[in-house]
Amino acid sequence: MREYRTDELAEAAGIPVRTLRFYRERKLLPPPRREGRIAWYDDQHLARLRTIAALLERGHTLGGIAELTAAFEQGRDVGQLGELLGIGWSEETPVRLSPEALADYFEGEVTPENLAASLDLGYLATDGEEIVHVSRRLLDVSSALVREGVPLAAVLETGRLVREHADALAALFSELLTTHLTGDEDAVTRLRPLAKSVVEAELTMAMDRLHQQRPPSTGPQTPSS
């Protein structure tokens, strides 16, 4: 197996040395073999870097790649991650379900129409006899809303509308960072948590404003005599 110094590995992977070091800091790469002060990498490190590049091109985040890498490293070669994550997962945790388990989450709501809408949104995919939900958080929230009495069809339609706004917000922040941090290849990925914090804060304040604008409840009215 060939070994590489830091600059040689970066050149072979087609990335700057600083990006390689950034990946090391994020624990996306296993530690190199040390020989004194020299770090030696091998072909497995190169394969990992190429996988990371492929997943980033598909829209995955470094946080999601790190989480999924850790999950699949036990017994699976990291080079398989690109095939395993073909749906386009990001930092969300996917969930594998049997058809029966999915029906238990949404009792009485797993209709052909709702399944088709979920597949169209990319929430669901199939892997052999299993169903894969793209996000544990979305699965839990959707199930909770259905248990509260909101029809699953309405939840999915709202999800579609939210995605349109989310895409617009993502484009807004991406343009902000690429415009003002020209040449910083990792800016969007590195500063992604800041964008998420802004969106969460603004959404919270917007819901507060909406609640304050509602007229106070006067309670049940009794007919006058």
# chains A, B, ... in the order shown; residues from 1 in each chain; ligands from 1
$ closest_atom_pairs --of "stretch 102-133 of chain A" --to "stretch 147-169 of chain A" --cutoff "7 Å" --atoms "only C-alpha atoms" --output "tab-separated table"
residue	atom	partner	partner_atom	distance
A:Glu109	CA	A:Leu152	CA	6.2
A:Asn114	CA	A:Ala153	CA	6.0
A:Leu121	CA	A:Arg160	CA	7.0
$ select_by_dssp --residues "stretch 83-218 of chain A" --states "strand (DSSP E or B)" --output "ChimeraX atom specification"
/A:95-97,124-127,130-133
$ select_by_dssp --residues "chain A" --states "alpha helix (DSSP H)" --output "MDAnalysis selection string"
chainID A and resid 6:13 17:25 43:57 62:73 81:84 99:105 112:121 136:147 152:180 187:190 192:213
$ closest_residue --among "A:Ala13, A:Phe106, A:Glu113, A:Phe22" --to "A:Leu145" --atoms "only C-alpha atoms"
A:Phe106
$ closest_residue --among "A:Gly183, A:Val188, A:Thr61, A:Tyr105" --to "A:Asp140" --atoms "only C-alpha atoms"
A:Tyr105
$ closest_residue --among "A:Glu35, A:Asp120, A:Glu175, A:Asp208" --to "A:Ala187" --atoms "only C-alpha atoms"
A:Glu175
$ closest_residue --among "A:Leu139, A:Ala125, A:Ala10, A:Leu62" --to "A:Asp104" --atoms "only C-alpha atoms"
A:Leu139
$ closest_residue --among "A:His45, A:Ser135, A:Pro31, A:Thr189" --to "A:Leu97" --atoms "only C-alpha atoms"
A:Ser135
$ residues_around --residues "A:Ile131" --least-positions-apart "4" --cutoff "10 Å" --atoms "only C-alpha atoms" --output "VMD selection string"
chain A and resid 95 to 102 124 to 127
$ write_last_selection --atoms "N, CA, C and O atoms" --output "compact mmCIF listing (two decimals), in the first residue's frame"
# COMPACT_ATOMS: atom_id res chain seq x y z
N VAL A 95 -33.47 6.56 9.12
CA VAL A 95 -34.11 5.52 9.91
C VAL A 95 -34.58 4.41 8.98
O VAL A 95 -35.24 4.68 7.97
N ARG A 96 -34.21 3.18 9.32
CA ARG A 96 -34.68 2.02 8.54
C ARG A 96 -35.91 1.43 9.22
O ARG A 96 -35.91 1.21 10.43
N LEU A 97 -36.94 1.19 8.43
CA LEU A 97 -38.22 0.72 8.97
C LEU A 97 -38.76 -0.41 8.11
O LEU A 97 -38.56 -0.44 6.89
N SER A 98 -39.45 -1.32 8.76
CA SER A 98 -40.25 -2.28 7.99
C SER A 98 -41.56 -1.59 7.61
O SER A 98 -41.94 -0.59 8.23
N PRO A 99 -42.28 -2.08 6.61
CA PRO A 99 -43.58 -1.48 6.28
C PRO A 99 -44.52 -1.47 7.48
O PRO A 99 -45.29 -0.51 7.66
N GLU A 100 -44.43 -2.52 8.31
CA GLU A 100 -45.30 -2.58 9.50
C GLU A 100 -44.94 -1.48 10.49
O GLU A 100 -45.81 -0.86 11.10
N ALA A 101 -43.63 -1.24 10.67
CA ALA A 101 -43.20 -0.20 11.60
C ALA A 101 -43.62 1.18 11.12
O ALA A 101 -44.03 2.04 11.91
N LEU A 102 -43.54 1.41 9.81
CA LEU A 102 -43.99 2.69 9.26
C LEU A 102 -45.47 2.88 9.50
O LEU A 102 -45.92 3.98 9.86
N LEU A 124 -38.95 9.35 1.91
CA LEU A 124 -38.86 7.90 1.95
C LEU A 124 -38.12 7.37 0.73
O LEU A 124 -38.16 7.97 -0.35
N ALA A 125 -37.46 6.25 0.93
CA ALA A 125 -36.85 5.49 -0.17
C ALA A 125 -36.92 4.03 0.24
O ALA A 125 -37.21 3.70 1.40
N THR A 126 -36.66 3.15 -0.70
CA THR A 126 -36.68 1.72 -0.40
C THR A 126 -35.28 1.16 -0.54
O THR A 126 -34.48 1.60 -1.37
N ASP A 127 -34.96 0.18 0.30
CA ASP A 127 -33.68 -0.52 0.25
C ASP A 127 -33.98 -1.99 0.51
O ASP A 127 -34.07 -2.42 1.66
$ closest_residue --among "A:Ala103, A:Leu191, A:Arg214, A:Met207" --to "A:Ser143" --atoms "only C-alpha atoms"
A:Ala103
